[in-house]
>>> print(open('coords-v1.cif').read())   # mmCIF, C-alpha atoms
data_structure
loop_
_atom_site.group_PDB
_atom_site.id
_atom_site.type_symbol
_atom_site.label_atom_id
_atom_site.label_comp_id
_atom_site.auth_asym_id
_atom_site.auth_seq_id
_atom_site.Cartn_x
_atom_site.Cartn_y
_atom_site.Cartn_z
ATOM 1 C CA MET T 19 -12.308 23.959 13.758
ATOM 2 C CA ALA T 20 -10.670 20.849 15.125
ATOM 3 C CA CYS T 21 -8.681 21.253 18.336
ATOM 4 C CA PHE T 22 -4.903 21.461 18.029
ATOM 5 C CA LEU T 23 -4.336 18.263 20.017
ATOM 6 C CA CYS T 24 -6.499 16.322 17.574
ATOM 7 C CA SER T 25 -4.076 17.051 14.748
ATOM 8 C CA PHE T 26 -1.621 14.669 16.404
ATOM 9 C CA GLY T 27 -3.751 11.694 15.514
ATOM 10 C CA VAL T 28 -7.452 12.359 15.102
ATOM 11 C CA GLU T 29 -9.139 15.050 13.056
ATOM 12 C CA HIS T 30 -12.791 16.024 12.815
ATOM 13 C CA GLN T 31 -14.160 17.307 9.543
ATOM 14 C CA PHE T 32 -15.009 20.987 9.163
ATOM 15 C CA PHE T 33 -18.684 20.409 8.534
ATOM 16 C CA GLN T 34 -21.320 18.681 10.581
ATOM 17 C CA THR T 35 -24.895 17.854 9.584
ATOM 18 C CA VAL T 36 -27.731 17.823 12.084
ATOM 19 C CA SER T 37 -31.265 16.563 11.505
ATOM 20 C CA PHE T 38 -34.164 17.673 13.669
ATOM 21 C CA ALA T 39 -37.911 18.226 13.737
ATOM 22 C CA ALA T 40 -39.270 20.711 11.194
ATOM 23 C CA GLU T 41 -39.137 24.313 12.430
ATOM 24 C CA GLY T 42 -37.309 23.203 15.562
ATOM 25 C CA LYS T 43 -33.798 23.670 16.888
ATOM 26 C CA PRO T 44 -31.090 21.010 16.513
ATOM 27 C CA PRO T 45 -29.124 19.436 19.343
ATOM 28 C CA VAL T 46 -25.962 21.462 19.971
ATOM 29 C CA PRO T 47 -22.722 19.992 21.364
ATOM 30 C CA ILE T 48 -21.865 21.361 24.796
ATOM 31 C CA SER T 49 -18.150 20.606 24.380
ATOM 32 C CA ASP T 50 -15.822 20.771 21.389
ATOM 33 C CA PRO T 51 -16.394 17.638 19.242
ATOM 34 C CA GLY T 52 -12.658 17.639 18.631
ATOM 35 C CA THR T 53 -12.117 16.553 22.251
ATOM 36 C CA TRP T 54 -14.364 13.498 22.107
ATOM 37 C CA VAL T 55 -11.667 11.364 20.482
ATOM 38 C CA THR T 56 -7.952 11.882 21.144
ATOM 39 C CA PRO T 57 -4.690 10.314 19.906
ATOM 40 C CA ASP T 58 -4.484 8.386 23.193
ATOM 41 C CA ASP T 59 -7.652 6.574 22.123
ATOM 42 C CA TYR T 60 -6.076 5.030 19.022
ATOM 43 C CA PRO T 61 -7.008 1.319 19.047
ATOM 44 C CA VAL T 62 -3.918 -0.791 19.733
ATOM 45 C CA GLU T 63 -4.500 -3.262 16.919
ATOM 46 C CA ALA T 64 -5.206 -0.498 14.388
ATOM 47 C CA TYR T 65 -2.083 1.381 15.486
ATOM 48 C CA ARG T 66 0.018 -1.766 15.226
ATOM 49 C CA ASN T 67 -1.237 -2.285 11.665
ATOM 50 C CA GLN T 68 -0.850 1.437 10.828
ATOM 51 C CA ALA T 69 -4.540 1.402 9.877
ATOM 52 C CA GLU T 70 -6.223 4.720 9.079
ATOM 53 C CA GLY T 71 -9.646 5.744 7.860
ATOM 54 C CA VAL T 72 -12.655 8.059 8.060
ATOM 55 C CA VAL T 73 -15.709 7.048 10.083
ATOM 56 C CA ILE T 74 -19.034 8.861 9.619
ATOM 57 C CA PHE T 75 -21.418 8.377 12.517
ATOM 58 C CA LEU T 76 -24.981 9.321 13.420
ATOM 59 C CA LEU T 77 -26.049 9.866 17.027
ATOM 60 C CA ALA T 78 -29.587 9.845 18.341
ATOM 61 C CA ILE T 79 -29.739 12.505 21.072
ATOM 62 C CA GLY T 80 -32.237 12.164 23.903
ATOM 63 C CA THR T 81 -34.221 14.930 25.561
ATOM 64 C CA ASN T 82 -31.633 15.084 28.358
ATOM 65 C CA GLY T 83 -28.832 15.745 25.850
ATOM 66 C CA THR T 84 -27.117 12.354 26.085
ATOM 67 C CA PRO T 85 -26.699 9.944 23.152
ATOM 68 C CA LEU T 86 -29.304 7.193 22.961
ATOM 69 C CA GLY T 87 -27.503 5.268 20.250
ATOM 70 C CA CYS T 88 -24.789 5.455 17.609
ATOM 71 C CA GLU T 89 -24.874 4.212 14.020
ATOM 72 C CA ILE T 90 -21.955 4.038 11.603
ATOM 73 C CA THR T 91 -23.294 5.469 8.340
ATOM 74 C CA ARG T 92 -19.991 5.068 6.486
ATOM 75 C CA SER T 93 -17.415 2.598 7.682
ATOM 76 C CA SER T 94 -13.669 3.193 7.627
ATOM 77 C CA GLY T 95 -13.286 -0.426 6.597
ATOM 78 C CA ILE T 96 -11.454 -1.046 9.881
ATOM 79 C CA LYS T 97 -13.601 -2.682 12.568
ATOM 80 C CA GLU T 98 -11.516 -1.356 15.458
ATOM 81 C CA LEU T 99 -11.797 2.261 14.264
ATOM 82 C CA ASP T 100 -15.553 2.012 13.709
ATOM 83 C CA GLU T 101 -16.193 0.471 17.122
ATOM 84 C CA ALA T 102 -13.926 2.940 18.926
ATOM 85 C CA THR T 103 -15.655 5.893 17.266
ATOM 86 C CA CYS T 104 -19.152 4.938 18.422
ATOM 87 C CA ARG T 105 -17.984 3.918 21.873
ATOM 88 C CA LEU T 106 -16.034 7.117 22.531
ATOM 89 C CA VAL T 107 -18.531 9.641 21.177
ATOM 90 C CA SER T 108 -21.360 7.874 23.022
ATOM 91 C CA GLU T 109 -19.419 8.120 26.288
ATOM 92 C CA ARG T 110 -18.166 11.685 25.905
ATOM 93 C CA ALA T 111 -20.555 13.677 23.719
ATOM 94 C CA ARG T 112 -23.134 15.775 25.541
ATOM 95 C CA PHE T 113 -25.617 18.186 23.994
ATOM 96 C CA THR T 114 -28.185 20.836 24.543
ATOM 97 C CA PRO T 115 -31.181 18.789 23.359
ATOM 98 C CA ALA T 116 -33.203 19.442 20.242
ATOM 99 C CA PHE T 117 -36.411 21.446 20.600
ATOM 100 C CA GLY T 118 -39.557 21.017 18.562
ATOM 101 C CA ALA T 119 -41.594 23.787 16.962
ATOM 102 C CA LYS T 120 -43.389 24.465 20.272
ATOM 103 C CA GLY T 121 -40.171 24.752 22.264
ATOM 104 C CA VAL T 122 -40.488 21.317 23.876
ATOM 105 C CA PRO T 123 -37.332 19.139 24.144
ATOM 106 C CA THR T 124 -37.417 16.319 21.620
ATOM 107 C CA ILE T 125 -35.196 13.557 20.282
ATOM 108 C CA GLY T 126 -32.821 14.769 17.573
ATOM 109 C CA THR T 127 -29.925 13.426 15.545
ATOM 110 C CA TYR T 128 -26.355 14.610 15.080
ATOM 111 C CA ARG T 129 -24.018 13.540 12.283
ATOM 112 C CA ASN T 130 -20.260 14.062 12.133
ATOM 113 C CA SER T 131 -17.106 12.185 11.200
ATOM 114 C CA VAL T 132 -13.758 11.232 12.682
ATOM 115 C CA ARG T 133 -10.659 10.877 10.533
ATOM 116 C CA TRP T 134 -8.282 8.466 12.223
ATOM 117 C CA VAL T 135 -4.647 9.190 11.359
ATOM 118 C CA VAL T 136 -1.769 7.239 12.891
ATOM 119 C CA PRO T 137 -0.076 9.693 15.288
ATOM 120 C CA LYS T 138 3.153 11.203 14.032
ATOM 121 C CA SER T 139 5.868 13.113 15.826
ATOM 122 C CA ALA T 140 5.362 16.762 16.736
ATOM 123 C CA ALA T 141 8.172 17.713 14.355
ATOM 124 C CA GLU T 142 6.158 16.295 11.450
ATOM 125 C CA ILE T 143 2.872 17.885 12.472
ATOM 126 C CA VAL T 144 3.798 21.362 13.693
ATOM 127 C CA THR T 145 4.626 23.183 10.473
ATOM 128 C CA PRO T 146 3.042 26.444 9.318
ATOM 129 C CA PHE T 147 -0.051 26.264 7.150
ATOM 130 C CA SER T 148 -3.339 28.028 6.530
ATOM 131 C CA ALA T 149 -6.603 26.908 4.973
ATOM 132 C CA SER T 150 -9.670 28.984 4.185
ATOM 133 C CA MET T 151 -13.025 27.693 2.925
ATOM 134 C CA THR T 152 -15.536 30.288 1.707
ATOM 135 C CA PHE T 153 -19.051 29.515 0.523
ATOM 136 C CA ILE T 154 -22.561 30.939 0.397
ATOM 137 C CA LEU T 155 -25.224 29.277 2.504
ATOM 138 C CA GLY T 156 -28.551 30.143 0.922
ATOM 139 C CA ALA T 157 -31.847 30.801 2.638
ATOM 140 C CA ASP T 158 -32.902 27.410 1.277
ATOM 141 C CA GLY T 159 -30.100 25.682 3.222
ATOM 142 C CA LYS T 160 -28.082 24.839 0.108
ATOM 143 C CA ALA T 161 -24.361 25.642 -0.158
ATOM 144 C CA ARG T 162 -22.903 27.139 -3.336
ATOM 145 C CA ASP T 163 -19.855 28.991 -4.688
ATOM 146 C CA CYS T 164 -17.383 27.044 -2.529
ATOM 147 C CA LYS T 165 -13.780 28.229 -2.703
ATOM 148 C CA LEU T 166 -10.827 26.653 -0.898
ATOM 149 C CA GLU T 167 -7.475 28.383 -0.516
ATOM 150 C CA THR T 168 -4.462 26.788 1.187
ATOM 151 C CA THR T 169 -0.824 27.590 1.868
ATOM 152 C CA GLY T 170 1.838 25.227 3.187
ATOM 153 C CA GLU T 171 2.304 21.511 2.618
ATOM 154 C CA ALA T 172 0.830 20.715 6.038
ATOM 155 C CA ALA T 173 -2.572 21.965 4.872
ATOM 156 C CA LYS T 174 -3.018 18.752 2.891
ATOM 157 C CA ARG T 175 -3.190 16.775 6.138
ATOM 158 C CA PHE T 176 -5.894 19.017 7.575
ATOM 159 C CA VAL T 177 -8.119 19.696 4.559
ATOM 160 C CA THR T 178 -9.243 16.220 3.576
ATOM 161 C CA GLN T 179 -13.037 16.402 3.700
ATOM 162 C CA PRO T 180 -15.362 17.333 0.818
ATOM 163 C CA SER T 181 -16.573 20.924 0.672
ATOM 164 C CA PRO T 182 -20.256 21.654 1.453
ATOM 165 C CA CYS T 183 -20.858 22.086 -2.277
ATOM 166 C CA ASP T 184 -19.762 18.505 -2.949
ATOM 167 C CA SER T 185 -22.657 17.086 -0.923
ATOM 168 C CA LYS T 186 -25.269 16.921 -3.656
ATOM 169 C CA GLY T 187 -28.772 17.444 -2.335
ATOM 170 C CA GLN T 188 -27.541 18.156 1.194
ATOM 171 C CA ILE T 189 -29.625 20.720 3.079
ATOM 172 C CA TYR T 190 -27.978 22.579 5.966
ATOM 173 C CA THR T 191 -29.594 24.650 8.684
ATOM 174 C CA PRO T 192 -29.887 28.177 7.195
ATOM 175 C CA LEU T 193 -28.890 31.299 9.080
ATOM 176 C CA VAL T 194 -31.617 33.732 10.122
ATOM 177 C CA ASP T 195 -31.969 37.479 10.569
ATOM 178 C CA ASN T 196 -33.214 39.245 13.704
ATOM 179 C CA LYS T 197 -36.770 38.367 12.708
ATOM 180 C CA MET T 198 -35.852 34.678 12.502
ATOM 181 C CA LYS T 199 -36.291 34.722 8.733
ATOM 182 C CA PRO T 200 -33.853 32.506 6.771
ATOM 183 C CA VAL T 201 -31.313 34.589 4.820
ATOM 184 C CA ALA T 202 -28.351 33.907 2.537
ATOM 185 C CA LYS T 203 -24.917 34.539 4.059
ATOM 186 C CA ARG T 204 -21.313 34.163 2.954
ATOM 187 C CA ILE T 205 -19.396 31.949 5.382
ATOM 188 C CA THR T 206 -15.625 31.662 5.755
ATOM 189 C CA LEU T 207 -14.026 28.875 7.781
ATOM 190 C CA LYS T 208 -10.327 29.228 8.615
ATOM 191 C CA SER T 209 -7.687 26.980 10.146
ATOM 192 C CA SER T 210 -3.996 27.670 10.540
ATOM 193 C CA ILE T 211 -0.793 27.050 12.459
ATOM 194 C CA VAL T 212 1.529 30.027 12.960
ATOM 195 C CA ILE T 213 5.009 29.525 14.406
ATOM 196 C CA GLU T 214 6.819 32.559 15.802
ATOM 197 C CA ASP T 215 10.239 33.144 17.355
ATOM 198 C CA ILE T 216 10.331 34.331 20.948
ATOM 199 C CA ALA T 217 12.914 36.373 22.780
ATOM 200 C CA PRO T 218 15.437 34.285 24.765
#
>>> encode(input="coords-v1.cif", output="C-alpha cells")
Amino acid sequence: MACFLCSFGVEHQFFQTVSFAAEGKPPVPISDPGTWVTPDDYPVEAYRNQAEGVVIFLLAIGTNGTPLGCEITRSSGIKELDEATCRLVSERARFTPAFGAKGVPTIGTYRNSVRWVVPKSAAEIVTPFSASMTFILGADGKARDCKLETTGEAAKRFVTQPSPCDSKGQIYTPLVDNKMKPVAKRITLKSSIVIEDIAP
C-alpha cells in the first residue's frame, strides 16, 4: 500500500503491472514506490494552479537495476506533473533486475502510476477509514470476482484507481505453488487509518 506520507499529496495506485521476458522474473522495486515521489516534490506552477491528475508511466529497467528510460503512457494533461513524474522516478527508483528464463539478468519494464493531489492540511487528511479489495488471481494471470469494501468518507480519497477486474485483457503475474506451478489464489489488499486516544 502507499506510504502514509504520500497521502498528504501524492498517492500511488494499489496495483502495478510489470512486463518481462517469457518464463522469467520481473524487475522488483528495492524501495517502496510510495517514497519515490513526495508532497515536497509538487511542481510549483502546478501547485499554484491547484492542478491535479494521474500519470501512468513505463520504465525500462537495465540489467543493473536502474531505469534506462521513462515513458508517459497516459498523461495527466498537466505538463509539469508528467515531467516531474518521469524525472523523479528515474532518479529514485532502483530495482532487482529482471531475469530471463535461464536466470540471466535482462532488460525488463515496470509500469505504475502516480496520482498527484494538491497537499491539504493534516486535519483534513488524518481521519479514520478502511478499504479492502478482494479478488481472485487465476493461474492464467487474469483477475476476477473483484469486491471493494470501504468505511469512512476519507476512503474516497485513497481508493481512486480501477480494480484489477476493470483492466480488460490485462494479464498479471500469477502466483505459484512450491513446485513453481501457477495456481489460482484469493488476494485481499487492505489500507486503513486508525486513530486512538492515548493516556495523558
>>> closest_residue(input="coords-v1.cif", among="T:Gly42, T:Pro192, T:Gly95, T:Gly121", to="T:Ile154", atoms="all atoms listed in the file")
T:Pro192
>>> resolve_selection(input="coords-v1.cif", expression="the PyMOL selection byres ((chain T and resi 45-47) around 12)", output="PDB file with C-alpha atoms, keeping the file's coordinate frame")
ATOM      1  CA  GLN T  34     -21.320  18.681  10.581  1.00  0.00           C
ATOM      2  CA  THR T  35     -24.895  17.854   9.584  1.00  0.00           C
ATOM      3  CA  VAL T  36     -27.731  17.823  12.084  1.00  0.00           C
ATOM      4  CA  SER T  37     -31.265  16.563  11.505  1.00  0.00           C
ATOM      5  CA  PHE T  38     -34.164  17.673  13.669  1.00  0.00           C
ATOM      6  CA  ALA T  39     -37.911  18.226  13.737  1.00  0.00           C
ATOM      7  CA  GLY T  42     -37.309  23.203  15.562  1.00  0.00           C
ATOM      8  CA  LYS T  43     -33.798  23.670  16.888  1.00  0.00           C
ATOM      9  CA  PRO T  44     -31.090  21.010  16.513  1.00  0.00           C
ATOM     10  CA  ILE T  48     -21.865  21.361  24.796  1.00  0.00           C
ATOM     11  CA  SER T  49     -18.150  20.606  24.380  1.00  0.00           C
ATOM     12  CA  ASP T  50     -15.822  20.771  21.389  1.00  0.00           C
ATOM     13  CA  PRO T  51     -16.394  17.638  19.242  1.00  0.00           C
ATOM     14  CA  GLY T  52     -12.658  17.639  18.631  1.00  0.00           C
ATOM     15  CA  THR T  53     -12.117  16.553  22.251  1.00  0.00           C
ATOM     16  CA  TRP T  54     -14.364  13.498  22.107  1.00  0.00           C
ATOM     17  CA  LEU T  77     -26.049   9.866  17.027  1.00  0.00           C
ATOM     18  CA  ALA T  78     -29.587   9.845  18.341  1.00  0.00           C
ATOM     19  CA  ILE T  79     -29.739  12.505  21.072  1.00  0.00           C
ATOM     20  CA  GLY T  80     -32.237  12.164  23.903  1.00  0.00           C
ATOM     21  CA  THR T  81     -34.221  14.930  25.561  1.00  0.00           C
ATOM     22  CA  ASN T  82     -31.633  15.084  28.358  1.00  0.00           C
ATOM     23  CA  GLY T  83     -28.832  15.745  25.850  1.00  0.00           C
ATOM     24  CA  THR T  84     -27.117  12.354  26.085  1.00  0.00           C
ATOM     25  CA  PRO T  85     -26.699   9.944  23.152  1.00  0.00           C
ATOM     26  CA  VAL T 107     -18.531   9.641  21.177  1.00  0.00           C
ATOM     27  CA  ARG T 110     -18.166  11.685  25.905  1.00  0.00           C
ATOM     28  CA  ALA T 111     -20.555  13.677  23.719  1.00  0.00           C
ATOM     29  CA  ARG T 112     -23.134  15.775  25.541  1.00  0.00           C
ATOM     30  CA  PHE T 113     -25.617  18.186  23.994  1.00  0.00           C
ATOM     31  CA  THR T 114     -28.185  20.836  24.543  1.00  0.00           C
ATOM     32  CA  PRO T 115     -31.181  18.789  23.359  1.00  0.00           C
ATOM     33  CA  ALA T 116     -33.203  19.442  20.242  1.00  0.00           C
ATOM     34  CA  PHE T 117     -36.411  21.446  20.600  1.00  0.00           C
ATOM     35  CA  GLY T 118     -39.557  21.017  18.562  1.00  0.00           C
ATOM     36  CA  PRO T 123     -37.332  19.139  24.144  1.00  0.00           C
ATOM     37  CA  THR T 124     -37.417  16.319  21.620  1.00  0.00           C
ATOM     38  CA  ILE T 125     -35.196  13.557  20.282  1.00  0.00           C
ATOM     39  CA  GLY T 126     -32.821  14.769  17.573  1.00  0.00           C
ATOM     40  CA  THR T 127     -29.925  13.426  15.545  1.00  0.00           C
ATOM     41  CA  TYR T 128     -26.355  14.610  15.080  1.00  0.00           C
ATOM     42  CA  ARG T 129     -24.018  13.540  12.283  1.00  0.00           C
ATOM     43  CA  ASN T 130     -20.260  14.062  12.133  1.00  0.00           C
ATOM     44  CA  THR T 191     -29.594  24.650   8.684  1.00  0.00           C
TER      45      THR T 191
END
>>> closest_residue(input="coords-v1.cif", among="T:Met151, T:Leu106, T:Val201, T:Val72", to="T:Arg92", atoms="all atoms listed in the file")
T:Val72
>>> closest_atom_pairs(input="coords-v1.cif", of="stretch 62-148 of chain T", to="stretch 208-218 of chain T", cutoff="6 Å", atoms="only C-alpha atoms", output="Markdown table")
| residue | atom | partner | partner_atom | distance |
| --- | --- | --- | --- | --- |
| T:Pro146 | CA | T:Ile211 | CA | 5.0 |
| T:Phe147 | CA | T:Ser210 | CA | 5.4 |
| T:Ser148 | CA | T:Ser210 | CA | 4.1 |
>>> closest_residue(input="coords-v1.cif", among="T:Val136, T:Thr103, T:Glu89, T:Glu167", to="T:Ser150", atoms="all atoms listed in the file")
T:Glu167
>>> resolve_selection(input="coords-v1.cif", expression="the PyMOL selection byres ((chain T and resi 61-63) around 12)", output="count of residues only")
29
>>> atom_distance(input="coords-v1.cif", atom1="atom CA of T:Val194", atom2="atom CA of T:Val132")
28.8 Å
>>> closest_residue(input="coords-v1.cif", among="T:Thr206, T:Ser131, T:Ser108, T:Thr168", to="T:Leu155", atoms="all atoms listed in the file")
T:Thr206
>>> atom_distance(input="coords-v1.cif", atom1="atom CA of T:Ile205", atom2="atom CA of T:Thr169")
19.4 Å
>>> atom_distance(input="coords-v1.cif", atom1="atom CA of T:Asp163", atom2="atom CA of T:Lys199")
22.0 Å
>>> closest_residue(input="coords-v1.cif", among="T:Ser93, T:Cys183, T:Leu86, T:Asn196", to="T:Arg133", atoms="all atoms listed in the file")
T:Ser93
>>> closest_residue(input="coords-v1.cif", among="T:Ile90, T:Gly156, T:Arg162, T:Cys104", to="T:Leu193", atoms="only C-alpha atoms")
T:Gly156
>>> axis_aligned_box(input="coords-v1.cif", around="stretch 114-122 of chain T", padding_each_side="6 Å", output="AutoDock Vina command-line options")
--center_x -35.8 --center_y 21.8 --center_z 20.8 --size_x 27.2 --size_y 18.0 --size_z 19.6
>>> resolve_selection(input="coords-v1.cif", expression="the PyMOL selection byres ((chain T and resi 187) around 12)", output="PyMOL selection string")
chain T and resi 158-162+182-186+188-190
